[in-house]
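Structure data follow from protein_15.tsv (TSV, C-alpha atoms and all ligand atoms):
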chain	number	residue	atom	x	y	z
N	1	MET	CA	0.00	0.00	0.00
N	2	ASP	CA	1.30	3.42	-0.89
N	3	ASN	CA	0.17	6.91	-1.78
N	4	LEU	CA	0.35	6.51	-5.56
N	5	ASP	CA	-3.01	6.66	-7.32
N	6	ARG	CA	-4.11	4.98	-10.57
N	7	PHE	CA	-2.89	7.95	-12.61
N	8	GLY	CA	0.57	8.18	-11.12
N	9	ARG	CA	-0.22	11.04	-8.75
N	10	ARG	CA	1.38	10.95	-5.30
N	11	ILE	CA	-1.10	11.93	-2.62
N	12	THR	CA	0.83	13.77	0.07
N	13	TYR	CA	-1.66	16.35	1.30
N	14	LEU	CA	-4.76	15.97	3.46
N	15	ARG	CA	-7.26	18.78	4.00
N	16	ILE	CA	-9.33	18.24	7.09
N	17	SER	CA	-12.51	20.13	7.85
N	18	VAL	CA	-12.62	20.42	11.63
N	19	THR	CA	-16.13	21.88	11.72
N	20	ASP	CA	-19.00	22.65	9.38
N	21	ARG	CA	-19.85	25.74	11.46
N	22	CYS	CA	-18.91	29.25	10.54
N	23	ASN	CA	-19.17	32.77	11.90
N	24	PHE	CA	-19.58	34.15	8.33
N	25	ARG	CA	-22.11	33.33	5.61
N	26	CYS	CA	-20.14	34.16	2.47
N	27	ILE	CA	-22.40	34.58	-0.53
N	28	TYR	CA	-20.36	32.17	-2.66
N	29	CYS	CA	-20.21	29.49	0.02
N	30	MET	CA	-23.50	29.37	1.89
N	31	PRO	CA	-27.17	30.24	1.43
N	32	PRO	CA	-28.27	33.36	3.38
N	33	GLY	CA	-29.61	31.38	6.34
N	34	GLY	CA	-26.50	29.21	6.50
N	35	VAL	CA	-26.68	25.43	6.35
N	36	PRO	CA	-28.06	23.41	9.25
N	37	TRP	CA	-25.12	22.58	11.51
N	38	ARG	CA	-24.53	18.93	12.17
N	39	PRO	CA	-24.89	17.80	15.77
N	40	HIS	CA	-21.58	17.63	17.65
N	41	ALA	CA	-21.75	13.84	17.86
N	42	GLU	CA	-21.53	13.65	14.05
N	43	ILE	CA	-18.33	15.68	13.91
N	44	LEU	CA	-14.97	13.97	14.24
N	45	ARG	CA	-13.44	14.34	17.69
N	46	TYR	CA	-9.87	15.60	17.94
N	47	GLU	CA	-8.57	12.20	19.00
N	48	GLU	CA	-10.24	10.66	15.94
N	49	ILE	CA	-8.57	13.21	13.67
N	50	VAL	CA	-5.22	12.43	15.30
N	51	ARG	CA	-5.71	8.68	14.71
N	52	LEU	CA	-6.55	9.33	11.07
N	53	VAL	CA	-3.53	11.52	10.50
N	54	ARG	CA	-1.25	8.94	12.13
N	55	ALA	CA	-2.56	6.36	9.68
N	56	ALA	CA	-2.29	8.81	6.77
N	57	ALA	CA	1.31	9.66	7.67
N	58	THR	CA	2.32	6.01	7.34
N	59	LEU	CA	0.91	6.09	3.79
N	60	GLY	CA	2.97	9.13	2.82
N	61	ILE	CA	0.80	12.11	3.75
N	62	ARG	CA	3.22	14.93	4.63
N	63	LYS	CA	1.06	18.03	4.85
N	64	VAL	CA	-2.19	18.63	6.73
N	65	ARG	CA	-4.43	21.65	6.27
N	66	LEU	CA	-7.10	22.43	8.84
N	67	THR	CA	-10.12	24.08	7.32
N	68	GLY	CA	-13.89	24.16	7.67
N	69	GLY	CA	-16.39	25.86	8.02
N	70	GLU	CA	-14.30	28.20	10.08
N	71	PRO	CA	-11.67	26.19	11.95
N	72	LEU	CA	-11.23	28.84	14.64
N	73	VAL	CA	-14.83	28.55	15.83
N	74	ARG	CA	-13.94	25.11	17.14
N	75	LYS	CA	-12.66	25.22	20.72
N	76	GLY	CA	-9.13	24.14	21.55
N	77	LEU	CA	-7.80	24.13	17.99
N	78	PRO	CA	-4.18	24.71	19.14
N	79	ASP	CA	-4.41	21.41	21.07
N	80	LEU	CA	-5.19	19.60	17.82
N	81	VAL	CA	-2.39	21.44	16.01
N	82	ARG	CA	0.08	20.41	18.71
N	83	GLU	CA	-0.87	16.74	18.45
N	84	LEU	CA	-0.80	16.72	14.66
N	85	SER	CA	2.50	18.53	14.34
N	86	ARG	CA	4.16	15.87	16.52
N	87	ILE	CA	3.13	12.95	14.32
N	88	PRO	CA	6.19	11.41	12.67
N	89	GLY	CA	6.12	12.05	8.92
N	90	ILE	CA	3.91	15.15	9.12
N	91	GLU	CA	6.11	17.99	7.93
N	92	GLU	CA	3.60	20.82	7.94
N	93	VAL	CA	0.32	21.64	9.63
N	94	VAL	CA	-1.31	24.70	8.07
N	95	MET	CA	-4.73	26.32	8.25
N	96	THR	CA	-7.21	28.17	6.06
N	97	THR	CA	-9.26	30.72	7.98
N	98	ASN	CA	-11.53	33.69	7.42
N	99	GLY	CA	-9.27	35.52	9.88
N	100	ALA	CA	-12.01	36.96	12.11
N	101	LEU	CA	-10.76	35.16	15.24
N	102	LEU	CA	-7.12	34.97	14.23
N	103	SER	CA	-5.83	37.84	16.37
N	104	GLU	CA	-7.06	35.98	19.47
N	105	HIS	CA	-5.47	32.66	18.55
N	106	ALA	CA	-2.43	33.37	16.37
N	107	GLU	CA	0.11	33.15	19.15
N	108	ALA	CA	-1.22	29.90	20.62
N	109	LEU	CA	-1.40	28.38	17.15
N	110	ALA	CA	2.19	29.33	16.35
N	111	ARG	CA	3.38	27.93	19.68
N	112	ALA	CA	1.48	24.71	19.01
N	113	GLY	CA	3.41	24.20	15.77
N	114	LEU	CA	1.21	25.66	13.04
N	115	SER	CA	3.45	26.58	10.09
N	116	ARG	CA	1.40	29.18	8.21
N	117	VAL	CA	-2.06	30.44	7.45
N	118	ASN	CA	-4.12	31.18	4.38
N	119	VAL	CA	-6.64	33.93	4.98
N	120	SER	CA	-9.66	34.55	2.79
N	121	LEU	CA	-9.90	38.16	1.69
N	122	ASP	CA	-12.17	39.03	-1.22
N	123	THR	CA	-12.26	42.81	-0.93
N	124	LEU	CA	-10.48	45.74	0.69
N	125	ARG	CA	-13.67	47.74	1.19
N	126	PRO	CA	-15.39	47.38	4.57
N	127	GLU	CA	-18.96	47.69	3.29
N	128	ARG	CA	-18.39	45.29	0.48
N	129	PHE	CA	-16.73	42.92	2.90
N	130	ARG	CA	-19.91	42.90	4.96
N	131	GLU	CA	-22.01	42.27	1.85
N	132	ILE	CA	-19.86	39.33	0.76
N	133	THR	CA	-19.46	37.69	4.16
N	134	ARG	CA	-22.89	38.80	5.41
N	135	LEU	CA	-21.58	38.79	9.02
N	136	GLY	CA	-17.89	39.72	8.95
N	137	ARG	CA	-15.93	42.89	9.72
N	138	LEU	CA	-12.91	43.65	7.55
N	139	LYS	CA	-11.14	45.31	10.48
N	140	ASP	CA	-11.13	42.04	12.47
N	141	VAL	CA	-9.57	40.19	9.56
N	142	TRP	CA	-6.77	42.74	9.15
N	143	GLU	CA	-6.07	42.51	12.87
N	144	GLY	CA	-5.87	38.73	12.48
N	145	ILE	CA	-3.52	39.02	9.52
N	146	ARG	CA	-1.28	41.42	11.44
N	147	ALA	CA	-1.20	39.11	14.46
N	148	ALA	CA	-0.35	36.11	12.27
N	149	ARG	CA	2.53	38.05	10.73
N	150	GLU	CA	3.86	39.12	14.10
N	151	VAL	CA	4.03	35.55	15.41
N	152	GLY	CA	5.65	34.26	12.22
N	153	LEU	CA	2.79	32.32	10.60
N	154	VAL	CA	4.27	33.32	7.24
N	155	PRO	CA	4.28	33.58	4.28
N	156	ILE	CA	0.59	34.42	4.47
N	157	LYS	CA	-1.53	33.57	1.47
N	158	LEU	CA	-4.57	35.70	0.80
N	159	ASN	CA	-7.33	33.84	-1.06
N	160	ALA	CA	-9.84	35.83	-3.09
N	161	VAL	CA	-12.89	34.37	-4.81
N	162	ILE	CA	-13.92	36.73	-7.60
N	163	LEU	CA	-17.57	37.18	-8.55
N	164	ARG	CA	-18.98	39.26	-11.38
N	165	GLY	CA	-20.84	42.32	-10.22
N	166	VAL	CA	-19.42	41.89	-6.72
N	167	ASN	CA	-15.64	42.34	-6.61
N	168	GLU	CA	-14.26	41.81	-10.13
N	169	ASP	CA	-13.42	45.52	-10.23
N	170	GLU	CA	-10.98	45.07	-7.32
N	171	VAL	CA	-8.65	42.41	-8.65
N	172	ALA	CA	-5.76	44.84	-9.28
N	173	GLU	CA	-5.95	46.25	-5.74
N	174	LEU	CA	-6.02	42.74	-4.33
N	175	ALA	CA	-3.12	41.62	-6.54
N	176	ALA	CA	-1.09	44.64	-5.40
N	177	LEU	CA	-1.08	43.18	-1.86
N	178	ALA	CA	1.58	40.83	-3.23
N	179	ARG	CA	3.95	43.83	-3.13
N	180	GLN	CA	3.45	43.96	0.63
N	181	GLY	CA	4.76	40.43	1.08
N	182	PHE	CA	1.51	38.46	0.81
N	183	SER	CA	1.00	35.66	-1.68
N	184	VAL	CA	-2.26	36.44	-3.42
N	185	ARG	CA	-4.40	33.63	-4.87
N	186	PHE	CA	-7.39	34.22	-7.08
N	187	ILE	CA	-9.85	31.34	-6.92
N	188	GLU	CA	-12.50	30.70	-9.53
N	189	TRP	CA	-15.91	30.29	-8.01
N	190	MET	CA	-16.90	26.63	-8.00
N	191	PRO	CA	-20.56	25.73	-8.36
N	192	LEU	CA	-20.95	23.63	-5.23
N	193	GLY	CA	-24.11	23.11	-3.25
N	194	SER	CA	-27.03	25.42	-3.85
N	195	VAL	CA	-25.68	28.15	-6.16
N	196	GLY	CA	-27.94	27.26	-9.11
N	197	GLU	CA	-28.52	29.87	-11.82
N	198	ASP	CA	-26.46	32.48	-10.05
N	199	PHE	CA	-23.36	30.66	-11.22
N	200	ARG	CA	-23.83	31.57	-14.88
N	201	ARG	CA	-24.19	35.26	-14.06
N	202	ARG	CA	-21.43	35.53	-11.49
N	203	PHE	CA	-18.64	33.22	-12.66
N	204	VAL	CA	-15.44	35.04	-13.69
N	205	PRO	CA	-12.84	32.86	-15.47
N	206	GLY	CA	-9.24	33.00	-14.27
N	207	GLY	CA	-8.10	34.28	-17.68
N	208	GLU	CA	-10.25	37.37	-17.29
N	209	ILE	CA	-8.99	37.97	-13.75
N	210	ARG	CA	-5.43	37.74	-15.01
N	211	ALA	CA	-6.13	40.15	-17.88
N	212	ARG	CA	-7.61	42.67	-15.44
N	213	VAL	CA	-4.52	42.43	-13.21
N	214	GLU	CA	-2.16	42.84	-16.18
N	215	GLU	CA	-4.10	45.78	-17.56
N	216	ARG	CA	-3.50	47.74	-14.35
N	217	LEU	CA	-0.23	46.35	-12.99
N	218	GLY	CA	1.71	45.15	-16.03
N	219	PRO	CA	2.56	41.75	-17.54
N	220	LEU	CA	2.76	38.77	-15.20
N	221	VAL	CA	5.76	36.46	-15.59
N	222	PRO	CA	5.09	32.71	-15.18
N	223	LEU	CA	7.01	31.27	-12.23
N	224	ARG	CA	5.73	27.78	-11.40
N	225	ARG	CA	2.83	25.48	-10.77
N	226	GLU	CA	2.10	25.10	-7.08
N	227	GLY	CA	-0.52	22.43	-6.46
N	228	PRO	CA	-3.66	23.72	-8.11
N	229	ALA	CA	-2.29	27.24	-8.64
N	230	ARG	CA	-0.40	28.77	-11.54
N	231	VAL	CA	1.91	31.28	-9.95
N	232	PHE	CA	3.27	34.43	-11.59
N	233	ALA	CA	5.68	37.20	-10.62
N	234	LEU	CA	4.01	40.58	-10.33
N	235	PRO	CA	5.88	43.56	-11.81
N	236	GLY	CA	7.12	45.58	-8.85
N	237	GLY	CA	7.49	42.56	-6.60
N	238	GLY	CA	5.61	39.65	-5.10
N	239	GLU	CA	3.63	36.85	-6.67
N	240	VAL	CA	0.05	36.09	-7.54
N	241	GLY	CA	-1.55	32.76	-8.38
N	242	PHE	CA	-4.69	31.58	-10.13
N	243	ILE	CA	-6.70	28.53	-9.18
N	244	THR	CA	-8.82	27.73	-12.19
N	245	ALA	CA	-10.69	24.59	-11.17
N	246	ILE	CA	-13.45	25.29	-13.69
N	247	SER	CA	-11.89	26.95	-16.75
N	248	ALA	CA	-8.60	25.01	-16.68
N	249	PRO	CA	-8.73	22.14	-14.18
N	250	PHE	CA	-5.49	20.99	-12.61
N	251	CYS	CA	-6.42	17.35	-12.03
N	252	SER	CA	-3.14	15.96	-13.35
N	253	SER	CA	-1.14	17.64	-10.58
N	254	CYS	CA	-3.68	17.07	-7.81
N	255	ASN	CA	-1.96	15.67	-4.73
N	256	ARG	CA	-4.72	15.97	-2.14
N	257	MET	CA	-7.68	14.31	-0.48
N	258	ARG	CA	-10.20	15.76	1.94
N	259	VAL	CA	-11.80	14.67	5.17
N	260	THR	CA	-15.22	16.24	5.76
N	261	ALA	CA	-16.25	17.51	9.19
N	262	ASP	CA	-18.51	14.48	9.60
N	263	GLY	CA	-15.65	12.11	8.92
N	264	LYS	CA	-15.98	11.14	5.27
N	265	LEU	CA	-12.90	10.75	3.12
N	266	ARG	CA	-13.51	12.66	-0.10
N	267	PRO	CA	-10.83	11.78	-2.67
N	268	CYS	CA	-11.92	14.61	-5.03
N	269	LEU	CA	-13.60	17.85	-3.99
N	270	LEU	CA	-15.94	17.87	-6.95
N	271	SER	CA	-16.83	14.18	-7.13
N	272	PRO	CA	-19.43	12.77	-4.72
N	273	VAL	CA	-17.39	9.63	-3.93
N	274	GLU	CA	-16.93	9.41	-0.15
N	275	LEU	CA	-15.59	6.70	2.18
N	276	ASP	CA	-16.82	6.43	5.75
N	277	LEU	CA	-13.83	7.04	8.02
N	278	LYS	CA	-15.90	7.99	11.05
N	279	GLY	CA	-17.89	4.75	10.84
N	280	ALA	CA	-14.64	2.79	10.78
N	281	LEU	CA	-13.13	4.78	13.65
N	282	ARG	CA	-16.20	4.34	15.81
N	283	ALA	CA	-16.45	0.64	15.01
N	284	GLY	CA	-12.98	0.27	16.54
N	285	ALA	CA	-10.91	0.02	13.34
N	286	SER	CA	-7.23	-0.73	13.92
N	287	GLN	CA	-4.52	1.54	12.50
N	288	GLY	CA	-3.99	-1.03	9.72
N	289	GLU	CA	-7.67	-0.89	8.80
N	290	LEU	CA	-7.60	2.91	8.69
N	291	VAL	CA	-4.54	2.80	6.46
N	292	ARG	CA	-6.36	0.38	4.13
N	293	LEU	CA	-9.39	2.67	3.95
N	294	LEU	CA	-7.23	5.70	3.16
N	295	ALA	CA	-5.36	3.66	0.54
N	296	GLU	CA	-8.69	2.68	-1.01
N	297	GLY	CA	-9.59	6.38	-1.19
N	298	ILE	CA	-6.35	7.04	-3.04
N	299	LYS	CA	-7.10	4.25	-5.51
N	300	ARG	CA	-10.62	5.58	-6.07
N	301	LYS	CA	-9.50	9.13	-6.72
N	302	PRO	CA	-10.97	10.08	-10.11
N	303	PHE	CA	-8.84	11.73	-12.75
N	304	SER	CA	-11.08	14.58	-13.68
N	305	HIS	CA	-14.24	16.09	-12.32
N	306	GLY	CA	-15.32	17.30	-15.76
N	307	ALA	CA	-16.53	20.82	-16.36
N	308	THR	CA	-19.16	22.90	-14.62
N	309	GLU	CA	-22.26	21.10	-15.79
N	310	ALA	CA	-21.05	17.73	-14.53
N	311	VAL	CA	-20.22	18.94	-11.05
N	312	PRO	CA	-22.39	17.28	-8.43
N	313	HIS	CA	-24.15	19.58	-6.01
N	314	ASP	CA	-24.30	17.25	-3.06
N	315	ARG	CA	-22.71	19.47	-0.42
N	316	GLU	CA	-21.75	23.06	0.33
N	317	MET	CA	-18.08	24.05	0.42
N	318	SER	CA	-18.33	24.76	4.15
N	319	GLU	CA	-19.26	21.12	4.77
N	320	ILE	CA	-16.50	19.59	2.68
N	321	GLY	CA	-13.75	21.99	3.65
N	322	GLY	CA	-12.51	24.23	0.85
W	401	LIG	N1	-13.69	29.54	6.62
W	401	LIG	C1	-12.38	29.45	6.11
W	401	LIG	C2	-12.12	30.47	5.04
W	401	LIG	O1	-13.08	31.07	4.55
W	401	LIG	O2	-10.96	30.66	4.69
W	401	LIG	C3	-12.00	28.07	5.62
W	401	LIG	C4	-13.04	27.32	4.83
W	401	LIG	S1	-13.46	28.02	3.27
W	401	LIG	C5	-14.66	26.86	2.68
W	401	LIG	C6	-11.98	27.67	2.36
W	401	LIG	C7	-11.81	28.44	1.08
W	401	LIG	O3	-12.79	28.07	0.16
W	401	LIG	C8	-11.93	29.94	1.25
W	401	LIG	O4	-10.77	30.55	0.70
W	401	LIG	C9	-13.14	30.31	0.45
W	401	LIG	O5	-13.00	31.57	-0.15
W	401	LIG	C10	-13.20	29.20	-0.56
W	401	LIG	N2	-14.54	28.93	-1.09
W	401	LIG	C11	-15.70	28.78	-0.43
W	401	LIG	N3	-16.71	28.48	-1.26
W	401	LIG	C12	-16.18	28.46	-2.51
W	401	LIG	C13	-16.69	28.20	-3.80
W	401	LIG	N4	-17.97	27.88	-3.99
W	401	LIG	N5	-15.84	28.23	-4.85
W	401	LIG	C14	-14.52	28.52	-4.66
W	401	LIG	N6	-13.98	28.76	-3.47
W	401	LIG	C15	-14.78	28.74	-2.40
W	402	LIG	FE1	-17.40	30.52	6.27
W	402	LIG	FE2	-15.17	30.23	4.87
W	402	LIG	FE3	-17.55	29.57	3.81
W	402	LIG	FE4	-17.00	32.11	4.22
W	402	LIG	S1	-15.90	30.73	2.83
W	402	LIG	S2	-18.92	31.06	4.78
W	402	LIG	S3	-15.79	32.05	6.02
W	402	LIG	S4	-16.57	28.59	5.50

Any chance you could give the structure as structure tokens?
Ligand code: SAM
Ligand code: SF4
Amino acid sequence: MDNLDRFGRRITYLRISVTDRCNFRCIYCMPPGGVPWRPHAEILRYEEIVRLVRAAATLGIRKVRLTGGEPLVRKGLPDLVRELSRIPGIEEVVMTTNGALLSEHAEALARAGLSRVNVSLDTLRPERFREITRLGRLKDVWEGIRAAREVGLVPIKLNAVILRGVNEDEVAELAALARQGFSVRFIEWMPLGSVGEDFRRRFVPGGEIRARVEERLGPLVPLRREGPARVFALPGGGEVGFITAISAPFCSSCNRMRVTADGKLRPCLLSPVELDLKGALRAGASQGELVRLLAEGIKRKPFSHGATEAVPHDREMSEIGG
């Protein structure tokens, strides 16, 4: 058993959703009323996550990302980080957060062994920020980003989802943050869950985002592929990347699998195939059995999710862990 899938891809990266709950209701991620939270008993306990990651490490997983929902709404997250970062074979534990609670927790997270953070930031305008997140305050996020920088959770990546008629006019300002030492990533909106017709109106392809950046800031110079992102040097300093899951999927270089908050292994974000890790854990599976289940997930990882129309709408992003 190893971490090589049927298409020769090495799976070294596990994204774990530690909660389906969130203190924001971003318009591209959740319906206005949010999604019904799962009862606590359905969510993986920290010790279950630790057992899974131990098994995954023996298969060749080297990097773990904690995500959600909003990971920082779950109590005691630094305790989980500490446990995970001590597992032999795990080289990096990182986190994706909306940043709202980051100023409170950055120091404890850094001390616990977190390597870096990605923070979602779709606009620099406070009112627009409120419209996009429905509940968030931009000021809190900047305080979180500052705190993360101070304690060395760097380099910080800033993730921006661009939507037509919402923030597509801000891509140059967002890209320019790269000159202040942030890595900026533009993410194409993916039609998960309940977005329906809105998708056709609001989707902005990565090519258009890039053209808008170049028009204002000058030509981007290709640097490298980094997981799902194509990364470019920005004239004047810094780098920006584009994650074009819809217009130019990156399936051939995909090295990741996901664990949902309710304990399902999801080999591909956009395919509904899931394996029941929580069921196995709670039925008393041994480490060897967990390893076998993870290895089966690797073998069942599809090559391509196909384009927009084929994408299944079985769950919201907040449930799977973006
Ligand atoms: N709450 C945290 C946050 O917002 O960073 C972590 C979870 S969130 C689901 C992870 C990432 O997925 C965020 O960068 C968010 O912008 C992105 N995201 C959410 N829904 C998306 C969608 N439908 N298409 C593309 N990206 C999405
Ligand atoms: Fe919450 Fe992140 Fe989804 Fe926004 S993108 S609603 S912050 S989980």

Please give me, as a count of residues only, the residues lying within 7 Å of ligand LIG 402 (chain W) when counting all atoms listed in the file. 15

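The shortest atom-to-atom distance to Gly34 (chain N), with all atoms listed in the file taken into account, belongs to N:Arg134 out of N:Arg202, N:Arg210, N:Lys278, N:Arg134.
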
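Of the listed residues (N:Leu101, N:Ile49, N:Leu177, N:Val171), N:Ile49 comes nearest to Arg282 (chain N); the distances count all atoms listed in the file.
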
Please, what is the axis-aligned box for every listed atom of ligand LIG 401 (chain W) with 4 Å on each side, as centre and edge lengths in Å to one decimal, as JSON?
{"center_x": -14.4, "center_y": 29.2, "center_z": 0.9, "size_x": 15.2, "size_y": 12.7, "size_z": 19.5}

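Nearest to ligand LIG 401 (chain W) of all the residues N:Ile209, N:Ala160, N:Ala283, N:Ala295 is N:Ala160, counting all atoms listed in the file.
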
Write out as a short mmCIF file (atom, residue, chain, number, x, y, z; two decimals) with C-alpha atoms, in the frame of the given file the residues lying within 7 Å of Leu217 (chain N), counting only C-alpha atoms and excluding same-chain residues fewer than 4 positions away.
data_model
loop_
_atom_site.label_atom_id
_atom_site.label_comp_id
_atom_site.auth_asym_id
_atom_site.auth_seq_id
_atom_site.Cartn_x
_atom_site.Cartn_y
_atom_site.Cartn_z
CA ALA N 172 -5.76 44.84 -9.28
CA VAL N 213 -4.52 42.43 -13.21
CA PRO N 235 5.88 43.56 -11.81
#

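Counting only C-alpha atoms and all ligand atoms, the residue from N:Tyr46, N:Phe129, N:Trp37, N:Trp189 that sits nearest to ligand LIG 401 (chain W) is N:Trp189.
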
Reconstruct region 75-95 of chain N at the level of N, CA and C atoms, and format the result as a PDB file, in the frame of the given file.
ATOM      1  N   LYS N  75     -13.461  24.984  19.503  1.00  0.00           N
ATOM      2  CA  LYS N  75     -12.660  25.220  20.720  1.00  0.00           C
ATOM      3  C   LYS N  75     -11.411  24.364  20.744  1.00  0.00           C
ATOM      4  N   GLY N  76     -10.335  24.938  21.279  1.00  0.00           N
ATOM      5  CA  GLY N  76      -9.130  24.140  21.550  1.00  0.00           C
ATOM      6  C   GLY N  76      -8.352  23.756  20.309  1.00  0.00           C
ATOM      7  N   LEU N  77      -8.497  24.523  19.223  1.00  0.00           N
ATOM      8  CA  LEU N  77      -7.800  24.130  17.990  1.00  0.00           C
ATOM      9  C   LEU N  77      -6.276  23.998  18.174  1.00  0.00           C
ATOM     10  N   PRO N  78      -5.633  24.883  18.957  1.00  0.00           N
ATOM     11  CA  PRO N  78      -4.180  24.710  19.140  1.00  0.00           C
ATOM     12  C   PRO N  78      -3.823  23.341  19.713  1.00  0.00           C
ATOM     13  N   ASP N  79      -4.703  22.752  20.536  1.00  0.00           N
ATOM     14  CA  ASP N  79      -4.410  21.410  21.070  1.00  0.00           C
ATOM     15  C   ASP N  79      -4.311  20.394  19.930  1.00  0.00           C
ATOM     16  N   LEU N  80      -5.229  20.517  18.970  1.00  0.00           N
ATOM     17  CA  LEU N  80      -5.190  19.600  17.820  1.00  0.00           C
ATOM     18  C   LEU N  80      -3.917  19.845  17.011  1.00  0.00           C
ATOM     19  N   VAL N  81      -3.596  21.110  16.796  1.00  0.00           N
ATOM     20  CA  VAL N  81      -2.390  21.440  16.010  1.00  0.00           C
ATOM     21  C   VAL N  81      -1.165  20.821  16.672  1.00  0.00           C
ATOM     22  N   ARG N  82      -1.090  20.930  17.998  1.00  0.00           N
ATOM     23  CA  ARG N  82       0.080  20.410  18.710  1.00  0.00           C
ATOM     24  C   ARG N  82       0.213  18.909  18.489  1.00  0.00           C
ATOM     25  N   GLU N  83      -0.903  18.195  18.635  1.00  0.00           N
ATOM     26  CA  GLU N  83      -0.870  16.740  18.450  1.00  0.00           C
ATOM     27  C   GLU N  83      -0.469  16.375  17.019  1.00  0.00           C
ATOM     28  N   LEU N  84      -1.053  17.071  16.057  1.00  0.00           N
ATOM     29  CA  LEU N  84      -0.800  16.720  14.660  1.00  0.00           C
ATOM     30  C   LEU N  84       0.639  17.023  14.271  1.00  0.00           C
ATOM     31  N   SER N  85       1.159  18.138  14.773  1.00  0.00           N
ATOM     32  CA  SER N  85       2.500  18.530  14.340  1.00  0.00           C
ATOM     33  C   SER N  85       3.570  17.613  14.931  1.00  0.00           C
ATOM     34  N   ARG N  86       3.180  16.814  15.936  1.00  0.00           N
ATOM     35  CA  ARG N  86       4.160  15.870  16.520  1.00  0.00           C
ATOM     36  C   ARG N  86       4.152  14.508  15.847  1.00  0.00           C
ATOM     37  N   ILE N  87       3.231  14.283  14.929  1.00  0.00           N
ATOM     38  CA  ILE N  87       3.130  12.950  14.320  1.00  0.00           C
ATOM     39  C   ILE N  87       4.311  12.733  13.365  1.00  0.00           C
ATOM     40  N   PRO N  88       5.053  11.653  13.555  1.00  0.00           N
ATOM     41  CA  PRO N  88       6.190  11.410  12.670  1.00  0.00           C
ATOM     42  C   PRO N  88       5.747  11.353  11.206  1.00  0.00           C
ATOM     43  N   GLY N  89       6.464  12.031  10.351  1.00  0.00           N
ATOM     44  CA  GLY N  89       6.120  12.050   8.920  1.00  0.00           C
ATOM     45  C   GLY N  89       5.360  13.304   8.523  1.00  0.00           C
ATOM     46  N   ILE N  90       4.654  13.921   9.464  1.00  0.00           N
ATOM     47  CA  ILE N  90       3.910  15.150   9.120  1.00  0.00           C
ATOM     48  C   ILE N  90       4.878  16.334   9.179  1.00  0.00           C
ATOM     49  N   GLU N  91       5.105  16.920   8.016  1.00  0.00           N
ATOM     50  CA  GLU N  91       6.110  17.990   7.930  1.00  0.00           C
ATOM     51  C   GLU N  91       5.501  19.371   8.164  1.00  0.00           C
ATOM     52  N   GLU N  92       4.225  19.500   7.821  1.00  0.00           N
ATOM     53  CA  GLU N  92       3.600  20.820   7.940  1.00  0.00           C
ATOM     54  C   GLU N  92       2.143  20.695   8.336  1.00  0.00           C
ATOM     55  N   VAL N  93       1.752  21.494   9.323  1.00  0.00           N
ATOM     56  CA  VAL N  93       0.320  21.640   9.630  1.00  0.00           C
ATOM     57  C   VAL N  93      -0.002  23.112   9.343  1.00  0.00           C
ATOM     58  N   VAL N  94      -0.955  23.342   8.453  1.00  0.00           N
ATOM     59  CA  VAL N  94      -1.310  24.700   8.070  1.00  0.00           C
ATOM     60  C   VAL N  94      -2.822  24.866   8.203  1.00  0.00           C
ATOM     61  N   MET N  95      -3.306  26.079   8.017  1.00  0.00           N
ATOM     62  CA  MET N  95      -4.730  26.320   8.250  1.00  0.00           C
ATOM     63  C   MET N  95      -5.268  27.339   7.246  1.00  0.00           C
TER      64      MET N  95
END
